[in-house]
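Undergrad: Just dropping this structure here.
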Amino acid sequence: MLYIVIAFLFLSIILYFLLGGADFGAGIIELFTSTDNKSRTRKTTYQAMGPIWEANHMWLIIAVVIMFVGFPLIYSTMCTYLHIPLLIMLLGITARGTAFSFRSYDAIKGERTQNLYNHIFVYSSFVTPLFLGTIAGSAVSRQIDIHASDFLSAYVFSWLNWFSVTVGLFTVALSGYLAAIYLIGEADDDNDARRFIRKAWQMNILAVVFGGLVFIVAERQNIRLAHWIFGNPVSLMAVIAAFVSLVLLWLMISRGIKKTIRVFAAFQVVMILLSVGYTHFPNLVMVKGGENLSLLAHHAPETTINDLGLALIIGSFVILPSLFYLYYSFQKKEETV
Amino acid sequence: MNDFIAARSQMAISLGFHIIYSCIGMVMPVFMAVSHFKWIKTGNPVYKNITQAWSKGVAIFFATGAVSGTILSFELGLLWPKFMEHAGPIFGMPFSLEGVAFFVEAIALGFFLYGWNKFNNWFHWFTGVLVGVSGIASGILVVSANSWMNSPSGFDFVNGQYLNIDPIKAMFNGAWFSEALHMTIAAFSATGFAVAGIHALMIAKKRNVTFHTKAFKIAIIFGAVAAILQPFSGDISAKNAAKRQPAKLAAMESYFRTQPYSPLVIGGIPDTVNKKVRFGIEIPGLLSFLVNDDFKQPVNGMDKIPSQNQPPITVTHIAFELMIAIGSVMMLIGILYFVALWKKRSWLSKTWFLDLFILATPFGFIAVEAGWTVTEVGRQPWIIQGVMRTIDAVTPMPGIQYTFYLFTAIYFTLSLAVIFLLSRQIKMVPELYDR
Ligand code: HDD
Ligand code: HEM
Ligand code: HEM
């Protein structure tokens, strides 16, 4: 049962990264869109995300619940030493969720208020994945110092360091990329589609740049990232697969294929997560000085894990079909319109 | 402000904020389902307009409820890491199931809000019902997590170790039923009165009278029935609290000295130095009767509780009195409504009658906040009654007062924004739905 619970944990993290990430990405795209085209981007985003954004963000809740029920020590350690970035991420989520729904449900569409919502929406869409990535970067790179005695080293340098922050920037670029690829398929006309393709290209380059930066910073901080990724066959295969699918994706775009490409983009992100996740498994948080918090060692007692696993299995029988039906319905309706 | 007080205040303000949205999130879908049903059955477009107007308001509340809930699920760990480290595996069951319920709710909401004219009417209606059912289910589940903190069970606490954990037993703890029942009824009466009050105001202003009259009726019927049931369920809650948390009961009632024919104190200000209540009315024997069904048998007072285990008396007592006072008034208003409905139809459009409901708009929510203050402050100094002290659970990170200020500012801003948006929607009713 422990493995089932762990599988659900990874599933929800991956899905949050993909779906929530694409959601944030839409805001990032809007942020980097020239003023003339902003409203068109907004319209596409609204049509594509409106019905599903709340469901997308539920994956985060599921992941958090699995963490505190199943792996309470890991949860409380992260919450203690990464308090500040978690807090900023929460502010981002709050600002973004409210701004998104306020801008569509404000009964009077005044220019000034709409502008305000838009600003909040795009900036929080940027900040949230930045800090999500930062948190992930800190967790795996031995930056958390549980023996630190002063405030700065315990609660600030645990995340405010070059490695974590570059991972954050990389996450932002990936989110933007996911969103742009997704929006290509949702665009109303060719003009918009071309715009999104250009955005996808820019985000792709950004992701490569930040990805390279992550490697350089890792080298300088003695984080053996290269070893993690190229040092074992599974991670290596995952990276190669991601690369091949990236080439295929751009080939398909040049052929004018618009919907299937999103599967490839998602595949790439999953492969990146897999390659890092696989090296570290079963460790989720690695703290300074060599201690590891492991999913296999630091979990809740057996009965809790069993009940949690059961709840998740039963839950997924209810959730997954209806979730697919939700995506399917709004997909289909748009095509017929 | 020290970090401990700041952490408690931040928790209190976050929950106090969230609870308003969760009550609305539980109850409004039910109201919408009723008017949606009437529209499909009668074809009267007013009901469709009501459903749509409500659903637009509800979308705002849902987004705010969802983000404040997300904040909470992190805050439990951010502020009380030691508590979550030990409690997580024990009281996590309701949270896991709640996660499922939220998910269903979010999916159903997507269908409902964006599904107008896209689906078969009955399927669309059903998704709305599902929003309500899963909302109520998640409310009940999360309250069961809270009741575990009041009435911990499902584990053995041996030498500081939490052994033989049984999450299912923890979920169905001793306080589960009374709290969940009282909370669910409270959500209906608070939301019902609030919604009815707003529509009563519009009727009084003679705006879209048919629209608002029909909306008022749906809301107040639920609100009034719930308000009439509320004191009975409160009595169950009080009896239950007396058994498991005598300190909480003594603080609620400001009952210092154990004595036969224990008196019930109404009103008054507790004087904690001289251990008596000033300006209160004492009714001898009534407390004994309410708790033990016997006028003589003594109820345990605060003197039986070691002083390091006593909750703050003044806050708990005043909050309790406030809840009771409002509960009694709401029950009377509820009865009055049914009298009007069955015997005195003419009252329904009288100014004084409408004014009464306008006045009562915030009552239910004030009582909800007061009731939670009783439950939570009355549990102090424990975070898990009798097992873990709140002060041992708090995060070691200093500077919590700044995050408290920050969250206070955020909740304040969000409240203003929600009020602003809601007033704009109400303003637009004539233009959108006047036919
Ligand atoms: C509309 C709101 C409302 C109204 C009118 C009342 N209550 Fe209440 N009360 C609540 C809303 C509430 C609440 C906010 O929902 C609480 C907090 C925790 C809970 O389970 O319900 C609560 C808690 C609560 C508790 C503490 C339970 C515990 O700690 O387990 C008691 C003893 C009562 N109530 C008793 C009453 C009585 C005797 C009422 C008679 C008029 C009453 N309440 C009216
Ligand atoms: C499932 C629901 C709830 C859970 C799990 C929960 C949990 C907690 C926790 C962990 C604390 C801090 C520790 C403590 O002071 O004991 C707390 C305090 C508090 N909560 Fe709750 N709570 C819940 C519902 C609510 C609601 C709905 C309110 C609404 C108004 C509320 C009001 C408060 C207050 C006022 C405090 C501060 C008490 C004090 O420090 O004196 N709680 N709660
Ligand atoms: C007595 C206290 C509580 C009640 C009755 C309650 C009930 C509800 C309800 C009915 C909703 C859905 C309605 C809406 O979105 O507006 C909701 C949302 C939420 N609540 Fe609470 N809740 C309580 C306390 C808590 C606590 C302590 C937590 C955190 C651990 C929490 C976490 C959440 C989350 C994550 C959501 C968002 C779900 C979504 O996206 O739909 N709630 N709550």
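A note on labels: chains of the structure tokens are A, B, ... as shown, every chain counts residues from 1, and ligands are counted from 1 in their shown order.
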Can you build me a table of chain B residues sitting at most 6 Å from chain A, with the closest atom pair per residue and its distance in Å to one decimal, using only C-alpha atoms, sorted by chain and residue number, as a Markdown table?
TA:
| residue | atom | partner | partner_atom | distance |
| --- | --- | --- | --- | --- |
| B:Ala63 | CA | A:Thr98 | CA | 5.8 |
| B:Val67 | CA | A:Thr94 | CA | 5.1 |
| B:Gly77 | CA | A:Cys79 | CA | 5.5 |
| B:Leu78 | CA | A:Cys79 | CA | 4.9 |
| B:Pro81 | CA | A:Ser76 | CA | 4.7 |
| B:Glu85 | CA | A:Pro72 | CA | 4.6 |
| B:Gly88 | CA | A:Val69 | CA | 4.6 |
| B:Pro89 | CA | A:Val69 | CA | 4.5 |
| B:Gly92 | CA | A:Val69 | CA | 5.0 |
| B:Gly99 | CA | A:Ile62 | CA | 5.9 |
| B:Val100 | CA | A:Gly315 | CA | 5.6 |
| B:Ala106 | CA | A:Ala55 | CA | 5.2 |
| B:Ile107 | CA | A:Ala55 | CA | 5.8 |
| B:Gly110 | CA | A:Pro51 | CA | 4.4 |
| B:Leu421 | CA | A:Asp106 | CA | 5.8 |
| B:Arg424 | CA | A:Ala107 | CA | 5.9 |
| B:Gln425 | CA | A:Ala107 | CA | 5.1 |
Undergrad: How would the residues just chosen look if you wrote them out with C-alpha atoms as a compact mmCIF listing (two decimals), in the first residue's frame?
TA:
# COMPACT_ATOMS: atom_id res chain seq x y z
CA ALA B 63 -12.76 31.23 -5.67
CA VAL B 67 -7.79 30.03 -2.06
CA GLY B 77 2.01 22.98 8.85
CA LEU B 78 3.52 26.42 8.66
CA PRO B 81 4.48 21.74 12.49
CA GLU B 85 3.77 15.78 12.63
CA GLY B 88 -1.48 14.17 10.64
CA PRO B 89 -1.50 10.38 10.51
CA GLY B 92 -5.82 12.67 8.38
CA GLY B 99 -9.76 16.13 -0.70
CA VAL B 100 -11.89 13.76 -2.75
CA ALA B 106 -14.52 21.57 -8.29
CA ILE B 107 -15.32 19.33 -11.25
CA GLY B 110 -16.86 23.57 -13.75
CA LEU B 421 -17.99 42.80 -6.41
CA ARG B 424 -21.86 45.52 -8.29
CA GLN B 425 -23.66 42.33 -9.17
Undergrad: Between chain B and ligand 1, at 8 Å or less, what are the per-residue closest atom pairs and their distances in Å? Count only C-alpha atoms and all ligand atoms, order by chain and rising residue number, and return it as JSON lines.
TA:
{"residue": "B:Val143", "atom": "CA", "partner": "ligand 1", "partner_atom_place_in_ligand_line": "20 (O)", "distance": 7.1}
{"residue": "B:Ser147", "atom": "CA", "partner": "ligand 1", "partner_atom_place_in_ligand_line": "30 (O)", "distance": 6.9}
{"residue": "B:Asn150", "atom": "CA", "partner": "ligand 1", "partner_atom_place_in_ligand_line": "30 (O)", "distance": 7.1}
{"residue": "B:Ala175", "atom": "CA", "partner": "ligand 1", "partner_atom_place_in_ligand_line": "30 (O)", "distance": 6.2}
{"residue": "B:Ser178", "atom": "CA", "partner": "ligand 1", "partner_atom_place_in_ligand_line": "30 (O)", "distance": 6.8}
{"residue": "B:Glu179", "atom": "CA", "partner": "ligand 1", "partner_atom_place_in_ligand_line": "20 (O)", "distance": 3.5}
{"residue": "B:Ala180", "atom": "CA", "partner": "ligand 1", "partner_atom_place_in_ligand_line": "20 (O)", "distance": 6.0}
{"residue": "B:Leu181", "atom": "CA", "partner": "ligand 1", "partner_atom_place_in_ligand_line": "20 (O)", "distance": 7.4}
{"residue": "B:His182", "atom": "CA", "partner": "ligand 1", "partner_atom_place_in_ligand_line": "21 (O)", "distance": 5.2}
{"residue": "B:Met183", "atom": "CA", "partner": "ligand 1", "partner_atom_place_in_ligand_line": "15 (O)", "distance": 3.9}
{"residue": "B:Thr184", "atom": "CA", "partner": "ligand 1", "partner_atom_place_in_ligand_line": "15 (O)", "distance": 7.3}
{"residue": "B:Ile185", "atom": "CA", "partner": "ligand 1", "partner_atom_place_in_ligand_line": "1 (C)", "distance": 7.3}
{"residue": "B:Ala186", "atom": "CA", "partner": "ligand 1", "partner_atom_place_in_ligand_line": "1 (C)", "distance": 4.0}
{"residue": "B:Ala187", "atom": "CA", "partner": "ligand 1", "partner_atom_place_in_ligand_line": "1 (C)", "distance": 6.5}
{"residue": "B:Phe188", "atom": "CA", "partner": "ligand 1", "partner_atom_place_in_ligand_line": "1 (C)", "distance": 7.7}
{"residue": "B:Ser189", "atom": "CA", "partner": "ligand 1", "partner_atom_place_in_ligand_line": "1 (C)", "distance": 5.5}
{"residue": "B:Ala190", "atom": "CA", "partner": "ligand 1", "partner_atom_place_in_ligand_line": "1 (C)", "distance": 4.8}
{"residue": "B:Ala227", "atom": "CA", "partner": "ligand 1", "partner_atom_place_in_ligand_line": "5 (C)", "distance": 6.4}
{"residue": "B:Gln230", "atom": "CA", "partner": "ligand 1", "partner_atom_place_in_ligand_line": "44 (C)", "distance": 5.7}
{"residue": "B:Pro231", "atom": "CA", "partner": "ligand 1", "partner_atom_place_in_ligand_line": "40 (C)", "distance": 3.6}
{"residue": "B:Phe232", "atom": "CA", "partner": "ligand 1", "partner_atom_place_in_ligand_line": "38 (C)", "distance": 7.0}
{"residue": "B:Ser233", "atom": "CA", "partner": "ligand 1", "partner_atom_place_in_ligand_line": "37 (C)", "distance": 7.1}
{"residue": "B:Gly234", "atom": "CA", "partner": "ligand 1", "partner_atom_place_in_ligand_line": "36 (C)", "distance": 3.5}
{"residue": "B:Asp235", "atom": "CA", "partner": "ligand 1", "partner_atom_place_in_ligand_line": "38 (C)", "distance": 4.7}
{"residue": "B:Ile236", "atom": "CA", "partner": "ligand 1", "partner_atom_place_in_ligand_line": "32 (C)", "distance": 7.5}
{"residue": "B:Ser237", "atom": "CA", "partner": "ligand 1", "partner_atom_place_in_ligand_line": "32 (C)", "distance": 4.6}
{"residue": "B:Ala238", "atom": "CA", "partner": "ligand 1", "partner_atom_place_in_ligand_line": "32 (C)", "distance": 3.5}
{"residue": "B:Lys239", "atom": "CA", "partner": "ligand 1", "partner_atom_place_in_ligand_line": "32 (C)", "distance": 7.2}
{"residue": "B:Asn240", "atom": "CA", "partner": "ligand 1", "partner_atom_place_in_ligand_line": "30 (O)", "distance": 6.8}
{"residue": "B:Ala241", "atom": "CA", "partner": "ligand 1", "partner_atom_place_in_ligand_line": "30 (O)", "distance": 5.3}
{"residue": "B:Lys248", "atom": "CA", "partner": "ligand 1", "partner_atom_place_in_ligand_line": "29 (O)", "distance": 7.4}
{"residue": "B:Leu249", "atom": "CA", "partner": "ligand 1", "partner_atom_place_in_ligand_line": "32 (C)", "distance": 7.5}
{"residue": "B:Met252", "atom": "CA", "partner": "ligand 1", "partner_atom_place_in_ligand_line": "32 (C)", "distance": 7.8}
{"residue": "B:Phe320", "atom": "CA", "partner": "ligand 1", "partner_atom_place_in_ligand_line": "33 (C)", "distance": 7.3}
{"residue": "B:Met323", "atom": "CA", "partner": "ligand 1", "partner_atom_place_in_ligand_line": "44 (C)", "distance": 5.2}
{"residue": "B:Ile324", "atom": "CA", "partner": "ligand 1", "partner_atom_place_in_ligand_line": "41 (C)", "distance": 4.1}
{"residue": "B:Ala325", "atom": "CA", "partner": "ligand 1", "partner_atom_place_in_ligand_line": "41 (C)", "distance": 6.6}
{"residue": "B:Ile326", "atom": "CA", "partner": "ligand 1", "partner_atom_place_in_ligand_line": "5 (C)", "distance": 5.7}
{"residue": "B:Gly327", "atom": "CA", "partner": "ligand 1", "partner_atom_place_in_ligand_line": "5 (C)", "distance": 3.4}
{"residue": "B:Ser328", "atom": "CA", "partner": "ligand 1", "partner_atom_place_in_ligand_line": "41 (C)", "distance": 5.0}
{"residue": "B:Met330", "atom": "CA", "partner": "ligand 1", "partner_atom_place_in_ligand_line": "5 (C)", "distance": 6.6}
{"residue": "B:Met331", "atom": "CA", "partner": "ligand 1", "partner_atom_place_in_ligand_line": "41 (C)", "distance": 7.8}
{"residue": "B:Phe363", "atom": "CA", "partner": "ligand 1", "partner_atom_place_in_ligand_line": "1 (C)", "distance": 7.4}
{"residue": "B:Gly364", "atom": "CA", "partner": "ligand 1", "partner_atom_place_in_ligand_line": "1 (C)", "distance": 4.1}
{"residue": "B:Phe365", "atom": "CA", "partner": "ligand 1", "partner_atom_place_in_ligand_line": "1 (C)", "distance": 6.2}
{"residue": "B:Ile366", "atom": "CA", "partner": "ligand 1", "partner_atom_place_in_ligand_line": "2 (C)", "distance": 7.3}
{"residue": "B:Ala367", "atom": "CA", "partner": "ligand 1", "partner_atom_place_in_ligand_line": "2 (C)", "distance": 4.3}
{"residue": "B:Val368", "atom": "CA", "partner": "ligand 1", "partner_atom_place_in_ligand_line": "14 (C)", "distance": 3.4}
{"residue": "B:Glu369", "atom": "CA", "partner": "ligand 1", "partner_atom_place_in_ligand_line": "14 (C)", "distance": 5.6}
{"residue": "B:Ala370", "atom": "CA", "partner": "ligand 1", "partner_atom_place_in_ligand_line": "14 (C)", "distance": 6.4}
{"residue": "B:Gly371", "atom": "CA", "partner": "ligand 1", "partner_atom_place_in_ligand_line": "22 (C)", "distance": 3.7}
{"residue": "B:Trp372", "atom": "CA", "partner": "ligand 1", "partner_atom_place_in_ligand_line": "17 (C)", "distance": 3.8}
{"residue": "B:Thr373", "atom": "CA", "partner": "ligand 1", "partner_atom_place_in_ligand_line": "17 (C)", "distance": 7.1}
{"residue": "B:Val374", "atom": "CA", "partner": "ligand 1", "partner_atom_place_in_ligand_line": "26 (C)", "distance": 6.0}
{"residue": "B:Thr375", "atom": "CA", "partner": "ligand 1", "partner_atom_place_in_ligand_line": "29 (O)", "distance": 3.9}
{"residue": "B:Glu376", "atom": "CA", "partner": "ligand 1", "partner_atom_place_in_ligand_line": "29 (O)", "distance": 7.3}
{"residue": "B:Gly378", "atom": "CA", "partner": "ligand 1", "partner_atom_place_in_ligand_line": "29 (O)", "distance": 7.3}
{"residue": "B:Arg379", "atom": "CA", "partner": "ligand 1", "partner_atom_place_in_ligand_line": "29 (O)", "distance": 7.8}
Undergrad: Apply DSSP to the structure's backbone, then extract all residues of segment 93-279 of chain B labelled strand (DSSP E) and return them as a VMD selection string.
TA: chain B and resid 156 to 158 161 to 163 264 to 266 269 to 271 276 to 278
Undergrad: Each residue of chain B lying at most 7 Å from ligand 3 should get a row with its shortest atom-to-atom pair and the distance in Å to one decimal, counting only C-alpha atoms and all ligand atoms; could you produce that, ordered by chain and increasing number, as a Markdown table?
TA:
| residue | atom | partner | partner_atom_place_in_ligand_line | distance |
| --- | --- | --- | --- | --- |
| B:Leu15 | CA | ligand 3 | 24 (C) | 6.5 |
| B:His18 | CA | ligand 3 | 21 (Fe) | 6.6 |
| B:Ile19 | CA | ligand 3 | 3 (C) | 5.6 |
| B:Tyr21 | CA | ligand 3 | 16 (O) | 4.8 |
| B:Ser22 | CA | ligand 3 | 9 (C) | 3.9 |
| B:Cys23 | CA | ligand 3 | 10 (C) | 6.0 |
| B:Ile24 | CA | ligand 3 | 16 (O) | 6.4 |
| B:Gly25 | CA | ligand 3 | 13 (C) | 3.8 |
| B:Met26 | CA | ligand 3 | 10 (C) | 4.6 |
| B:Phe61 | CA | ligand 3 | 16 (O) | 5.7 |
| B:Phe62 | CA | ligand 3 | 16 (O) | 4.0 |
| B:Ala63 | CA | ligand 3 | 15 (O) | 6.5 |
| B:Thr64 | CA | ligand 3 | 16 (O) | 6.7 |
| B:Gly65 | CA | ligand 3 | 16 (O) | 3.8 |
| B:Ala66 | CA | ligand 3 | 37 (C) | 3.5 |
| B:Val67 | CA | ligand 3 | 37 (C) | 6.3 |
| B:Ser68 | CA | ligand 3 | 36 (C) | 6.8 |
| B:Gly69 | CA | ligand 3 | 34 (C) | 3.3 |
| B:Thr70 | CA | ligand 3 | 35 (C) | 4.0 |
| B:Leu72 | CA | ligand 3 | 29 (C) | 4.3 |
| B:Ser73 | CA | ligand 3 | 30 (C) | 3.6 |
| B:Leu76 | CA | ligand 3 | 30 (C) | 6.5 |
| B:Phe102 | CA | ligand 3 | 41 (O) | 4.7 |
| B:Phe103 | CA | ligand 3 | 41 (O) | 6.7 |
| B:Glu105 | CA | ligand 3 | 41 (O) | 6.2 |
| B:Ala106 | CA | ligand 3 | 41 (O) | 5.3 |
| B:Gly135 | CA | ligand 3 | 10 (C) | 4.3 |
| B:Ile136 | CA | ligand 3 | 10 (C) | 5.7 |
| B:Ser138 | CA | ligand 3 | 10 (C) | 5.5 |
| B:Gly139 | CA | ligand 3 | 7 (C) | 3.9 |
| B:Ile140 | CA | ligand 3 | 5 (C) | 6.6 |
| B:Val142 | CA | ligand 3 | 3 (C) | 5.5 |
| B:Val143 | CA | ligand 3 | 1 (C) | 4.8 |
| B:Asn146 | CA | ligand 3 | 1 (C) | 6.9 |
Undergrad: Identify, on the basis of only C-alpha atoms, every residue whose closest approach to Leu18 of chain A does not exceed 10 Å; exclude the query and any residue fewer than 4 positions from it along the same chain; express the result as a PyMOL selection string.
TA: chain A and resi 12-14+22-25+56+174-175+178-179+265-267+269-270
